>>> print(open('query30.csv').read())   # CSV, C-alpha atoms
chain,number,residue,atom,x,y,z
A,508,MET,CA,-11.3,-53.7,45.4
A,509,LEU,CA,-12.9,-53.0,48.8
A,510,ALA,CA,-14.4,-56.5,48.7
A,511,GLY,CA,-10.9,-57.8,47.7
A,512,LEU,CA,-9.3,-56.1,50.6
A,513,ALA,CA,-11.9,-57.7,52.8
A,514,GLY,CA,-10.9,-61.1,51.4
A,515,GLN,CA,-13.8,-61.9,49.1
A,516,ALA,CA,-12.3,-63.8,46.3
A,517,GLY,CA,-15.2,-63.7,43.8
A,518,PRO,CA,-15.5,-60.0,43.3
A,519,TYR,CA,-11.7,-59.7,43.5
A,520,ARG,CA,-11.2,-62.1,40.6
A,521,GLN,CA,-13.8,-60.2,38.6
A,522,LEU,CA,-12.0,-57.0,39.4
A,523,LEU,CA,-8.6,-58.4,38.3
A,524,THR,CA,-10.2,-59.8,35.1
A,525,GLU,CA,-11.6,-56.4,34.2
A,526,LEU,CA,-8.4,-54.7,35.1
A,527,SER,CA,-6.4,-57.1,33.0
A,528,GLY,CA,-8.4,-56.1,29.9
A,529,ARG,CA,-7.8,-52.4,30.6
A,530,LEU,CA,-4.1,-53.0,31.3
A,531,ARG,CA,-3.7,-54.9,28.0
A,532,ALA,CA,-5.1,-51.9,26.2
A,533,TYR,CA,-2.9,-49.5,28.2
A,534,TYR,CA,0.3,-51.4,27.4
A,535,ARG,CA,-0.6,-52.1,23.8
A,536,ARG,CA,-0.7,-48.3,23.3
A,537,ARG,CA,2.5,-47.6,25.2
A,538,ALA,CA,4.8,-50.6,25.2
A,539,PRO,CA,7.4,-50.4,22.5
A,540,ALA,CA,8.0,-53.3,20.1
A,541,GLY,CA,9.8,-56.1,21.8
A,542,VAL,CA,8.2,-55.7,25.2
A,543,ASP,CA,5.7,-58.4,25.8
A,544,VAL,CA,2.4,-56.8,26.7
A,545,GLU,CA,1.0,-59.9,28.4
A,546,ASP,CA,4.1,-60.1,30.7
A,547,LEU,CA,3.5,-56.6,31.8
A,548,VAL,CA,-0.2,-57.2,32.4
A,549,GLN,CA,0.7,-60.2,34.6
A,550,GLU,CA,3.4,-58.4,36.4
A,551,THR,CA,1.1,-55.5,37.1
A,552,LEU,CA,-1.7,-57.9,38.3
A,553,ILE,CA,0.8,-59.5,40.7
A,554,ALA,CA,1.9,-56.1,42.0
A,555,VAL,CA,-1.7,-55.0,42.4
A,556,HIS,CA,-2.2,-58.2,44.4
A,557,THR,CA,1.0,-58.2,46.6
A,558,ARG,CA,0.8,-54.4,47.2
A,559,ARG,CA,-2.9,-54.2,47.7
A,560,ALA,CA,-2.3,-52.9,51.2
A,561,THR,CA,-1.1,-49.6,49.7
A,562,TYR,CA,-4.5,-49.0,48.2
A,563,ASP,CA,-6.1,-46.1,50.0
A,564,ALA,CA,-9.9,-46.7,50.0
A,565,SER,CA,-10.5,-42.9,49.9
A,566,GLN,CA,-8.7,-42.7,46.5
A,567,PRO,CA,-10.0,-43.8,43.1
A,568,PHE,CA,-9.0,-47.4,42.4
A,569,THR,CA,-8.2,-46.8,38.7
A,570,ALA,CA,-5.7,-44.0,39.5
A,571,TRP,CA,-4.0,-46.4,41.9
A,572,ALA,CA,-3.9,-49.2,39.5
A,573,TYR,CA,-2.7,-47.1,36.6
A,574,ALA,CA,0.1,-45.6,38.7
A,575,ILE,CA,1.3,-49.2,39.3
A,576,ALA,CA,0.9,-49.9,35.6
A,577,ARG,CA,3.0,-46.8,34.7
A,578,TYR,CA,5.6,-47.8,37.3
A,579,LYS,CA,5.9,-51.3,35.8
A,580,LEU,CA,6.2,-49.9,32.3
A,581,ILE,CA,9.0,-47.5,33.3
A,582,ASP,CA,10.6,-50.3,35.2
A,583,ALA,CA,10.5,-52.6,32.2
A,584,LEU,CA,12.0,-49.9,29.9
A,585,ARG,CA,14.7,-49.1,32.5
A,586,ARG,CA,15.7,-52.7,32.7
A,587,GLY,CA,16.2,-52.5,28.9
A,588,ARG,CA,14.6,-55.8,28.3
A,589,ALA,CA,13.0,-54.4,25.2
A,590,HIS,CA,15.7,-56.4,23.3
A,591,LEU,CA,15.5,-59.5,25.3
A,592,ARG,CA,11.8,-60.2,25.7
A,593,ALA,CA,10.4,-62.7,23.3
A,594,PRO,CA,8.4,-65.4,25.1
A,595,LEU,CA,9.0,-68.9,23.7
A,596,GLU,CA,5.4,-69.4,22.7
A,597,ALA,CA,5.6,-66.4,20.3
A,598,ALA,CA,8.6,-67.9,18.6
A,599,ASP,CA,6.4,-70.9,17.5
A,600,ALA,CA,5.2,-68.8,14.6
A,601,LEU,CA,8.8,-68.6,13.3
A,602,PHE,CA,9.5,-72.3,13.3
A,603,VAL,CA,7.7,-75.4,12.0
A,604,ALA,CA,7.4,-78.2,14.4
A,605,PRO,CA,10.6,-80.2,14.6
A,606,GLY,CA,10.7,-83.0,12.0
A,607,ALA,CA,7.7,-81.6,10.1
A,608,GLU,CA,9.7,-80.8,7.0
A,609,ALA,CA,11.4,-84.2,7.0
A,610,ALA,CA,8.0,-85.8,7.5
A,611,MET,CA,6.6,-84.0,4.5
A,612,ALA,CA,9.6,-84.8,2.4
A,613,GLY,CA,9.3,-88.4,3.4
A,614,ARG,CA,5.7,-88.5,2.4
A,615,ASP,CA,6.4,-87.1,-1.0
A,616,LEU,CA,9.3,-89.6,-1.5
A,617,GLU,CA,7.1,-92.6,-0.6
A,618,ARG,CA,4.5,-91.3,-3.0
A,619,VAL,CA,7.0,-91.0,-5.8
A,620,LEU,CA,8.8,-94.2,-5.0
A,621,GLY,CA,5.6,-96.1,-4.9
A,622,LYS,CA,5.2,-95.5,-8.7
A,623,LEU,CA,8.5,-97.3,-9.5
A,624,PRO,CA,8.9,-101.0,-10.0
A,625,LYS,CA,9.5,-102.9,-6.8
A,626,ARG,CA,13.1,-103.8,-7.5
A,627,THR,CA,14.1,-100.3,-8.7
A,628,ARG,CA,12.5,-98.9,-5.5
A,629,ALA,CA,14.6,-101.2,-3.3
A,630,LEU,CA,17.8,-100.4,-5.2
A,631,ILE,CA,17.3,-96.6,-4.9
A,632,ARG,CA,16.5,-97.0,-1.2
A,633,ASP,CA,19.7,-99.0,-0.7
A,634,VAL,CA,22.0,-96.9,-2.8
A,635,LYS,CA,20.7,-93.4,-2.4
A,636,LEU,CA,19.0,-93.5,1.0
A,637,ALA,CA,20.6,-96.3,3.0
A,638,GLY,CA,24.0,-95.4,1.6
A,639,LEU,CA,25.2,-98.8,0.3
A,640,SER,CA,27.8,-98.9,-2.3
A,641,THR,CA,26.9,-100.1,-5.8
A,642,ARG,CA,28.8,-103.3,-5.1
A,643,GLU,CA,27.1,-104.0,-1.9
A,644,ALA,CA,23.7,-103.4,-3.5
A,645,ALA,CA,24.6,-105.6,-6.4
A,646,GLN,CA,25.6,-108.5,-4.0
A,647,LYS,CA,22.4,-108.0,-1.9
A,648,HIS,CA,20.1,-108.2,-5.0
A,649,GLY,CA,22.2,-110.7,-6.9
A,650,MET,CA,22.8,-108.4,-9.8
A,651,SER,CA,25.8,-107.2,-11.6
A,652,GLU,CA,27.2,-103.8,-10.6
A,653,SER,CA,26.5,-102.3,-14.0
A,654,ALA,CA,22.9,-103.6,-13.9
A,655,VAL,CA,22.5,-101.8,-10.5
A,656,LYS,CA,23.9,-98.6,-11.9
A,657,VAL,CA,21.5,-98.7,-14.9
A,658,ALA,CA,18.5,-99.6,-12.7
A,659,VAL,CA,19.2,-96.7,-10.2
A,660,HIS,CA,19.8,-94.3,-13.1
A,661,ARG,CA,16.6,-95.2,-14.8
A,662,GLY,CA,14.8,-95.1,-11.5
A,663,LEU,CA,16.1,-91.6,-10.7
A,664,LYS,CA,15.2,-90.5,-14.2
A,665,ALA,CA,11.7,-91.8,-13.6
A,666,LEU,CA,11.7,-90.1,-10.2
A,667,SER,CA,12.5,-86.7,-11.6
A,668,ALA,CA,9.8,-87.2,-14.2
A,669,GLU,CA,7.4,-88.2,-11.4
A,670,TYR,CA,8.6,-85.2,-9.3
A,671,GLY,CA,7.8,-82.9,-12.2
A,672,SER,CA,4.3,-84.4,-12.6
A,673,LEU,CA,3.8,-84.1,-8.8
A,674,LYS,CA,4.6,-80.4,-8.9
A,675,ALA,CA,2.3,-79.9,-11.9
A,676,GLN,CA,-0.4,-81.8,-10.0
A,677,GLU,CA,-0.1,-79.6,-7.0
A,678,VAL,CA,-0.3,-76.5,-9.1
A,679,GLY,CA,-3.3,-78.0,-10.7
A,680,ASP,CA,-4.8,-78.7,-7.3
A,681,GLU,CA,-4.6,-75.0,-6.4
A,682,ASP,CA,-6.5,-74.0,-9.5
B,1344,MET,CA,1.2,-68.9,32.5
B,1345,LYS,CA,-2.2,-67.8,31.2
B,1346,THR,CA,-3.4,-64.5,32.6
B,1347,ASP,CA,-6.7,-66.1,33.6
B,1348,ASP,CA,-4.9,-68.8,35.5
B,1349,LEU,CA,-2.9,-66.1,37.3
B,1350,ILE,CA,-6.0,-64.3,38.3
B,1351,GLU,CA,-7.6,-67.5,39.5
B,1352,ARG,CA,-4.5,-68.2,41.6
B,1353,LEU,CA,-4.2,-64.7,43.0
B,1354,GLY,CA,-7.9,-64.9,44.0
B,1355,GLY,CA,-7.2,-68.2,45.6
B,1356,GLU,CA,-4.5,-66.9,47.9
B,1357,LEU,CA,-6.5,-63.7,48.8
B,1358,LYS,CA,-6.4,-62.8,52.5
B,1359,PRO,CA,-8.1,-59.8,54.1
B,1360,VAL,CA,-5.9,-56.8,54.5
B,1361,ASP,CA,-6.0,-54.4,57.3
B,1362,PRO,CA,-6.4,-50.7,56.1
B,1363,GLY,CA,-3.7,-49.6,58.5
B,1364,ALA,CA,-1.1,-52.1,57.3
B,1365,ALA,CA,0.9,-49.5,55.4
B,1366,GLY,CA,1.2,-47.1,58.3
B,1367,ARG,CA,2.0,-49.9,60.7
B,1368,ARG,CA,4.9,-51.1,58.5
B,1369,LEU,CA,6.4,-47.6,58.5
B,1370,ALA,CA,5.9,-47.3,62.3
B,1371,LEU,CA,7.6,-50.6,62.7
B,1372,GLY,CA,10.6,-49.6,60.5
B,1373,LEU,CA,11.0,-46.3,62.3
B,1374,ALA,CA,10.7,-47.8,65.8
B,1375,GLY,CA,13.3,-50.4,65.0
B,1376,GLY,CA,15.6,-47.7,63.6
B,1377,ALA,CA,15.0,-45.5,66.7
B,1378,LEU,CA,16.1,-48.3,69.0
B,1379,VAL,CA,19.4,-48.6,67.1
B,1380,SER,CA,19.8,-44.9,66.9
B,1381,THR,CA,19.2,-44.4,70.6
B,1382,ALA,CA,21.7,-47.2,71.4
B,1383,ILE,CA,24.3,-45.5,69.2
B,1384,MET,CA,23.7,-42.1,70.8
B,1385,LEU,CA,24.0,-43.6,74.3
B,1386,ALA,CA,27.2,-45.6,73.5
B,1387,TRP,CA,28.8,-42.9,71.4
B,1388,ILE,CA,28.2,-39.5,73.0
B,1389,GLY,CA,25.9,-40.4,75.9
B,1390,PRO,CA,23.0,-38.4,77.3
B,1391,ARG,CA,23.6,-34.9,78.7
B,1392,PRO,CA,24.7,-35.2,82.3
B,1393,ASP,CA,22.1,-32.7,83.4
B,1394,LEU,CA,19.2,-34.5,81.6
B,1395,ALA,CA,17.0,-34.7,84.7
B,1396,HIS,CA,17.2,-30.9,85.1
B,1397,ALA,CA,16.9,-30.3,81.4
B,1398,LEU,CA,13.6,-32.1,81.3
B,1399,THR,CA,12.2,-29.3,83.4
B,1400,THR,CA,13.3,-26.5,81.0
B,1401,ALA,CA,11.2,-25.1,78.2
B,1402,MET,CA,14.0,-25.1,75.6
B,1403,PHE,CA,14.5,-28.9,75.9
B,1404,TRP,CA,10.8,-29.3,75.0
B,1405,VAL,CA,11.0,-26.8,72.2
B,1406,LYS,CA,13.8,-28.8,70.6
B,1407,PHE,CA,11.9,-32.0,71.3
B,1408,GLY,CA,8.6,-30.6,70.0
B,1409,TYR,CA,10.3,-29.2,66.8
B,1410,ALA,CA,11.9,-32.6,66.0
B,1411,ALA,CA,8.8,-34.6,67.0
B,1412,LEU,CA,6.4,-32.4,64.9
B,1413,ALA,CA,8.7,-32.4,61.9
B,1414,GLY,CA,9.1,-36.2,62.2
B,1415,LEU,CA,5.4,-36.8,62.6
B,1416,ILE,CA,4.4,-34.7,59.6
B,1417,LEU,CA,7.2,-36.1,57.4
B,1418,ALA,CA,6.2,-39.7,58.5
B,1419,VAL,CA,2.6,-39.0,57.3
B,1420,ALA,CA,4.0,-37.6,54.0
B,1421,THR,CA,6.3,-40.7,53.7
B,1422,ARG,CA,3.3,-43.0,54.2
B,1423,ARG,CA,1.4,-41.1,51.5
B,1424,LEU,CA,4.2,-41.3,49.0
B,1425,SER,CA,4.5,-45.0,49.6
B,1426,ARG,CA,1.3,-45.4,47.7
B,1427,PRO,CA,1.2,-45.6,43.9
B,1428,GLY,CA,0.4,-42.4,42.2
B,1429,ALA,CA,0.2,-40.3,45.4
B,1430,ARG,CA,1.0,-36.6,45.5
B,1431,LEU,CA,2.0,-34.4,48.4
B,1432,GLY,CA,-0.7,-31.8,47.7
B,1433,GLY,CA,-1.5,-29.9,50.8
B,1434,LEU,CA,0.9,-31.9,52.9
B,1435,ALA,CA,3.8,-29.9,51.4
B,1436,LEU,CA,2.5,-26.9,53.3
B,1437,ALA,CA,2.1,-29.0,56.5
B,1438,ILE,CA,5.7,-30.1,56.1
B,1439,ALA,CA,6.9,-26.5,56.0
B,1440,LEU,CA,5.0,-25.7,59.2
B,1441,PRO,CA,7.5,-26.9,61.8
B,1442,PHE,CA,10.4,-25.4,59.9
B,1443,VAL,CA,8.7,-22.0,59.6
B,1444,LEU,CA,7.8,-22.0,63.3
B,1445,MET,CA,11.3,-22.9,64.4
B,1446,GLY,CA,12.8,-20.4,61.9
B,1447,ALA,CA,10.5,-17.7,63.2
B,1448,MET,CA,11.3,-18.5,66.8
B,1449,GLY,CA,15.1,-18.4,66.1
B,1450,ALA,CA,14.8,-15.1,64.1
B,1451,MET,CA,12.8,-13.5,66.9
B,1452,ARG,CA,15.3,-14.6,69.5
B,1453,LEU,CA,18.1,-13.1,67.4
B,1454,ALA,CA,16.3,-9.9,66.9
B,1455,MET,CA,15.7,-9.5,70.6
B,1456,ALA,CA,19.3,-10.3,71.5
B,1457,ALA,CA,22.1,-7.7,71.9
B,1458,ARG,CA,24.5,-7.6,69.0
B,1459,GLY,CA,27.4,-9.2,70.9
B,1460,ALA,CA,25.3,-12.1,72.0
B,1461,ARG,CA,24.1,-13.1,68.5
B,1462,HIS,CA,27.1,-15.1,67.6
B,1463,ALA,CA,26.8,-17.3,70.6
B,1464,LEU,CA,23.1,-17.8,69.9
B,1465,LEU,CA,23.8,-19.0,66.4
B,1466,MET,CA,26.9,-21.1,66.9
B,1467,GLY,CA,26.6,-22.3,70.5
B,1468,SER,CA,29.5,-24.6,71.4
B,1469,SER,CA,28.8,-27.5,69.1
B,1470,ALA,CA,27.7,-26.1,65.7
B,1471,ASP,CA,30.6,-27.9,64.0
B,1472,VAL,CA,29.6,-31.4,65.2
B,1473,CYS,CA,25.8,-31.1,65.6
B,1474,PRO,CA,24.6,-31.7,62.0
B,1475,TRP,CA,27.0,-34.6,61.5
B,1476,ARG,CA,25.9,-36.3,64.7
B,1477,ILE,CA,22.3,-35.9,63.8
B,1478,PHE,CA,23.2,-37.4,60.4
B,1479,VAL,CA,24.9,-40.4,61.9
B,1480,ILE,CA,22.2,-41.0,64.5
B,1481,GLY,CA,19.6,-40.7,61.7
B,1482,LEU,CA,21.2,-43.4,59.6
B,1483,PRO,CA,19.6,-46.4,61.3
B,1484,LEU,CA,16.3,-44.6,61.2
B,1485,LEU,CA,16.8,-44.1,57.5
B,1486,ALA,CA,17.5,-47.8,57.1
B,1487,GLY,CA,14.3,-48.6,58.9
B,1488,ALA,CA,12.3,-46.2,56.8
B,1489,VAL,CA,13.7,-47.5,53.6
B,1490,TRP,CA,12.9,-51.0,54.6
B,1491,ALA,CA,9.3,-50.0,55.3
B,1492,VAL,CA,8.8,-47.9,52.1
B,1493,ARG,CA,10.3,-50.4,49.7
B,1494,GLY,CA,7.9,-53.0,51.0
B,1495,LEU,CA,5.0,-50.7,50.1
B,1496,ALA,CA,4.7,-49.3,46.6
B,1497,PRO,CA,6.2,-45.8,46.0
B,1498,THR,CA,6.1,-44.6,42.4
B,1499,ARG,CA,8.0,-41.3,42.9
B,1500,LEU,CA,11.1,-42.8,44.3
B,1501,THR,CA,13.3,-39.7,44.8
B,1502,LEU,CA,10.6,-37.7,46.5
B,1503,ALA,CA,9.7,-40.7,48.7
B,1504,GLY,CA,13.4,-41.1,49.5
B,1505,VAL,CA,13.7,-37.4,50.5
B,1506,LEU,CA,10.7,-37.7,52.8
B,1507,ALA,CA,11.9,-41.0,54.3
B,1508,GLY,CA,15.3,-39.4,54.9
B,1509,GLY,CA,13.6,-36.2,56.3
B,1510,THR,CA,11.6,-38.4,58.7
B,1511,ALA,CA,14.7,-40.2,59.8
B,1512,GLY,CA,16.6,-37.0,60.2
B,1513,ALA,CA,13.9,-35.4,62.3
B,1514,LEU,CA,13.7,-38.4,64.6
B,1515,GLY,CA,17.5,-38.6,64.7
B,1516,ALA,CA,17.4,-35.0,65.9
B,1517,LEU,CA,14.9,-36.0,68.5
B,1518,VAL,CA,17.2,-38.7,69.8
B,1519,TYR,CA,20.2,-36.3,69.6
B,1520,GLY,CA,18.3,-33.8,71.7
B,1521,PHE,CA,18.8,-36.0,74.7
B,1522,HIS,CA,22.6,-35.4,74.4
B,1523,CYS,CA,22.8,-31.9,73.0
B,1524,PRO,CA,23.2,-29.2,75.7
B,1525,GLU,CA,22.4,-26.3,73.4
B,1526,THR,CA,19.5,-24.1,74.5
B,1527,ALA,CA,19.4,-21.3,71.9
B,1528,ALA,CA,16.5,-21.3,69.4
B,1529,PRO,CA,18.6,-19.9,66.5
B,1530,PHE,CA,21.1,-22.7,67.0
B,1531,VAL,CA,18.4,-25.3,66.8
B,1532,ALA,CA,16.7,-23.6,63.8
B,1533,ILE,CA,19.9,-23.8,61.8
B,1534,TRP,CA,22.0,-26.8,62.9
B,1535,TYR,CA,19.3,-29.2,63.8
B,1536,THR,CA,17.6,-28.4,60.5
B,1537,LEU,CA,20.8,-28.9,58.6
B,1538,GLY,CA,21.3,-32.3,60.2
B,1539,MET,CA,17.8,-33.3,59.1
B,1540,ALA,CA,18.5,-32.0,55.6
B,1541,LEU,CA,21.6,-34.1,55.4
B,1542,VAL,CA,19.7,-37.3,56.0
B,1543,ALA,CA,16.9,-36.2,53.7
B,1544,ALA,CA,19.5,-35.5,50.9
B,1545,LEU,CA,21.0,-39.0,51.4
B,1546,GLY,CA,17.5,-40.5,51.2
B,1547,GLY,CA,16.8,-38.6,48.0
B,1548,VAL,CA,20.1,-39.8,46.4
B,1549,LEU,CA,19.5,-43.4,47.4
B,1550,GLY,CA,15.8,-43.3,46.8
B,1551,ALA,CA,15.8,-44.1,43.1
B,1552,ARG,CA,18.0,-47.1,43.7
B,1553,LEU,CA,16.9,-48.5,47.1
B,1554,LEU,CA,13.2,-47.9,47.0
B,1555,ARG,CA,12.6,-49.7,43.7
B,1556,TRP,CA,10.3,-52.6,44.1
B,1557,ARG,CA,9.2,-55.5,41.9
>>> encode(input="query30.csv", output="structure tokens")
Amino acid sequence: MLAGLAGQAGPYRQLLTELSGRLRAYYRRRAPAGVDVEDLVQETLIAVHTRRATYDASQPFTAWAYAIARYKLIDALRRGRAHLRAPLEAADALFVAPGAEAAMAGRDLERVLGKLPKRTRALIRDVKLAGLSTREAAQKHGMSESAVKVAVHRGLKALSAEYGSLKAQEVGDED
Amino acid sequence: MKTDDLIERLGGELKPVDPGAAGRRLALGLAGGALVSTAIMLAWIGPRPDLAHALTTAMFWVKFGYAALAGLILAVATRRLSRPGARLGGLALAIALPFVLMGAMGAMRLAMAARGARHALLMGSSADVCPWRIFVIGLPLLAGAVWAVRGLAPTRLTLAGVLAGGTAGALGALVYGFHCPETAAPFVAIWYTLGMALVAALGGVLGARLLRWR
């Protein structure tokens, strides 16, 4: 710290690095759930830095630093941010990346649809996914409406059979 | 931000710090407050008309010395409590010193006086206004002290506030001494001390709120 007060960045960084490890341990033991330990560590490091003029060279450095750590802990509790503090990075664990589920579902669908005859595949896409009416699909493919209905029905039946086999296959993969 | 990046950045903006920086900040705050306090005293109640003569009397310098010694010791204690984790320790005894001395001097003066003269020694002619005037004159000094201390890093805020207020009160009494015509030691021991205590009490009440730093 004396080197830090004299303006030597190297030893100072080393000191802060060692201190951050100790602070992390200090706050892990004391901070209640919901208070972000790393936030407190960083706030304390900043306070150590900005208030370094208050360090008295005749006193032990650790006592000084822990007094700041304790003050920061009390300050955090007093502000009652125990409820509020959940950094966004931590929330990542709770959510899948946006679109991931849709992407996985799409992959499965393509896999299943791939096993159907080409025209049935096209019909199911148009009617069930693109949202065309049976009549529109019939006009598009030059079929009668009832033929479209039958084809889609058979396709879906095959799909559900394929879906079942897919599930069975996945279970089998895990074995 | 990653903690390692933060450390890197803090190291990057590192500048040498003068060991006397904390004391200088407090001195600056008190000096600024003293200027305003003196201006208020001069504009509001003015210096005593016989100031030139008073400067040659012992009692003027007893008052001056009492307030100056109390202010100095309290300022040293305030500077100490502006550091994280600091305790008063032996300084608590040192703080008591000027008050014990002044109290003893007042008590001795009372003991020596004739019965009929004691009331005048205690109450003088301005006991009803003296503490309040010291309180008002001490307020700018308190503001200066609070500015200085909150820029440092006190961790026992109420105690730091009492000490900052005590310092402001003592220096306010010092300024008030240039107006006050009272010459009796018992008067000074009671009413000057009460004025200082008022500012100290205000500092203690405000300390937890005003001295908090981030």
>>> interface_residues(input="query30.csv", of="chain A", to="chain B", cutoff="6 Å", atoms="all atoms listed in the file", output="PyMOL selection string")
chain A and resi 512-514+516+520+561+571+574-575
>>> write_last_selection(input="query30.csv", atoms="C-alpha atoms", output="mmCIF file, in the coordinates of the input")
data_model
loop_
_atom_site.group_PDB
_atom_site.id
_atom_site.type_symbol
_atom_site.label_atom_id
_atom_site.label_comp_id
_atom_site.auth_asym_id
_atom_site.auth_seq_id
_atom_site.Cartn_x
_atom_site.Cartn_y
_atom_site.Cartn_z
ATOM 1 C CA LEU A 512 -9.300 -56.100 50.600
ATOM 2 C CA ALA A 513 -11.900 -57.700 52.800
ATOM 3 C CA GLY A 514 -10.900 -61.100 51.400
ATOM 4 C CA ALA A 516 -12.300 -63.800 46.300
ATOM 5 C CA ARG A 520 -11.200 -62.100 40.600
ATOM 6 C CA THR A 561 -1.100 -49.600 49.700
ATOM 7 C CA TRP A 571 -4.000 -46.400 41.900
ATOM 8 C CA ALA A 574 0.100 -45.600 38.700
ATOM 9 C CA ILE A 575 1.300 -49.200 39.300
#
>>> closest_residue(input="query30.csv", among="B:Gly1467, B:Gly1449, B:Gly1459, B:Pro1441", to="B:Ala1513", atoms="all atoms listed in the file")
B:Pro1441
>>> residues_around(input="query30.csv", residues="B:Ile1480", least_positions_apart="2", cutoff="10 Å", atoms="only C-alpha atoms", output="NGL selection string")
:B and (1376-1377 or 1379-1384 or 1387 or 1474-1478 or 1482-1485 or 1511-1512 or 1514-1519 or 1538 or 1542)
>>> write_last_selection(input="query30.csv", atoms="C-alpha atoms", output="PDB file, keeping the file's coordinate frame")
ATOM      1  CA  GLY B1376      15.600 -47.700  63.600  1.00  0.00           C
ATOM      2  CA  ALA B1377      15.000 -45.500  66.700  1.00  0.00           C
ATOM      3  CA  VAL B1379      19.400 -48.600  67.100  1.00  0.00           C
ATOM      4  CA  SER B1380      19.800 -44.900  66.900  1.00  0.00           C
ATOM      5  CA  THR B1381      19.200 -44.400  70.600  1.00  0.00           C
ATOM      6  CA  ALA B1382      21.700 -47.200  71.400  1.00  0.00           C
ATOM      7  CA  ILE B1383      24.300 -45.500  69.200  1.00  0.00           C
ATOM      8  CA  MET B1384      23.700 -42.100  70.800  1.00  0.00           C
ATOM      9  CA  TRP B1387      28.800 -42.900  71.400  1.00  0.00           C
ATOM     10  CA  PRO B1474      24.600 -31.700  62.000  1.00  0.00           C
ATOM     11  CA  TRP B1475      27.000 -34.600  61.500  1.00  0.00           C
ATOM     12  CA  ARG B1476      25.900 -36.300  64.700  1.00  0.00           C
ATOM     13  CA  ILE B1477      22.300 -35.900  63.800  1.00  0.00           C
ATOM     14  CA  PHE B1478      23.200 -37.400  60.400  1.00  0.00           C
ATOM     15  CA  LEU B1482      21.200 -43.400  59.600  1.00  0.00           C
ATOM     16  CA  PRO B1483      19.600 -46.400  61.300  1.00  0.00           C
ATOM     17  CA  LEU B1484      16.300 -44.600  61.200  1.00  0.00           C
ATOM     18  CA  LEU B1485      16.800 -44.100  57.500  1.00  0.00           C
ATOM     19  CA  ALA B1511      14.700 -40.200  59.800  1.00  0.00           C
ATOM     20  CA  GLY B1512      16.600 -37.000  60.200  1.00  0.00           C
ATOM     21  CA  LEU B1514      13.700 -38.400  64.600  1.00  0.00           C
ATOM     22  CA  GLY B1515      17.500 -38.600  64.700  1.00  0.00           C
ATOM     23  CA  ALA B1516      17.400 -35.000  65.900  1.00  0.00           C
ATOM     24  CA  LEU B1517      14.900 -36.000  68.500  1.00  0.00           C
ATOM     25  CA  VAL B1518      17.200 -38.700  69.800  1.00  0.00           C
ATOM     26  CA  TYR B1519      20.200 -36.300  69.600  1.00  0.00           C
ATOM     27  CA  GLY B1538      21.300 -32.300  60.200  1.00  0.00           C
ATOM     28  CA  VAL B1542      19.700 -37.300  56.000  1.00  0.00           C
TER      29      VAL B1542
END
>>> atom_distance(input="query30.csv", atom1="atom CA of B:Arg1391", atom2="atom CA of B:Ser1468")
13.9 Å
>>> residues_near_point(input="query30.csv", point="(3.2, -32.5, 59.2)", cutoff="6 Å", atoms="all atoms listed in the file", output="PyMOL selection string")
chain B and resi 1415-1417+1437-1438
>>> atom_distance(input="query30.csv", atom1="atom CA of A:Lys622", atom2="atom CA of A:Val655")
18.5 Å
>>> atom_distance(input="query30.csv", atom1="atom CA of A:Gln521", atom2="atom CA of A:Arg537")
24.6 Å
>>> closest_residue(input="query30.csv", among="B:Ala1420, B:Leu1385, B:Ser1469, B:Phe1521", to="B:Gly1433", atoms="all atoms listed in the file")
B:Ala1420
>>> closest_residue(input="query30.csv", among="A:Ala538, A:Met650, A:Ala564, A:Leu523", to="A:Leu552", atoms="only C-alpha atoms")
A:Leu523
>>> closest_residue(input="query30.csv", among="B:Leu1431, B:Ala1439, B:Ala1528, B:Ala1551", to="B:Arg1493", atoms="all atoms listed in the file")
B:Ala1551
>>> closest_residue(input="query30.csv", among="B:Pro1524, B:Ala1544, B:Tyr1535, B:Pro1529", to="B:Thr1400", atoms="all atoms listed in the file")
B:Pro1524
>>> decode(input="query30.csv", residues="stretch 1521-1535 of chain B", atoms="C-alpha atoms", output="compact mmCIF listing (two decimals), in the first residue's frame")
# COMPACT_ATOMS: atom_id res chain seq x y z
CA PHE B 1521 -13.85 38.46 20.19
CA HIS B 1522 -17.34 39.73 20.91
CA CYS B 1523 -18.06 38.41 24.39
CA PRO B 1524 -17.22 40.83 27.22
CA GLU B 1525 -17.53 38.24 29.99
CA THR B 1526 -14.42 37.80 32.11
CA ALA B 1527 -15.39 35.23 34.75
CA ALA B 1528 -13.91 31.74 34.52
CA PRO B 1529 -17.06 30.03 35.91
CA PHE B 1530 -19.13 31.69 33.19
CA VAL B 1531 -16.79 30.46 30.48
CA ALA B 1532 -16.59 26.97 31.97
CA ILE B 1533 -20.37 26.60 31.85
CA TRP B 1534 -21.80 28.67 29.02
CA TYR B 1535 -19.00 28.40 26.48
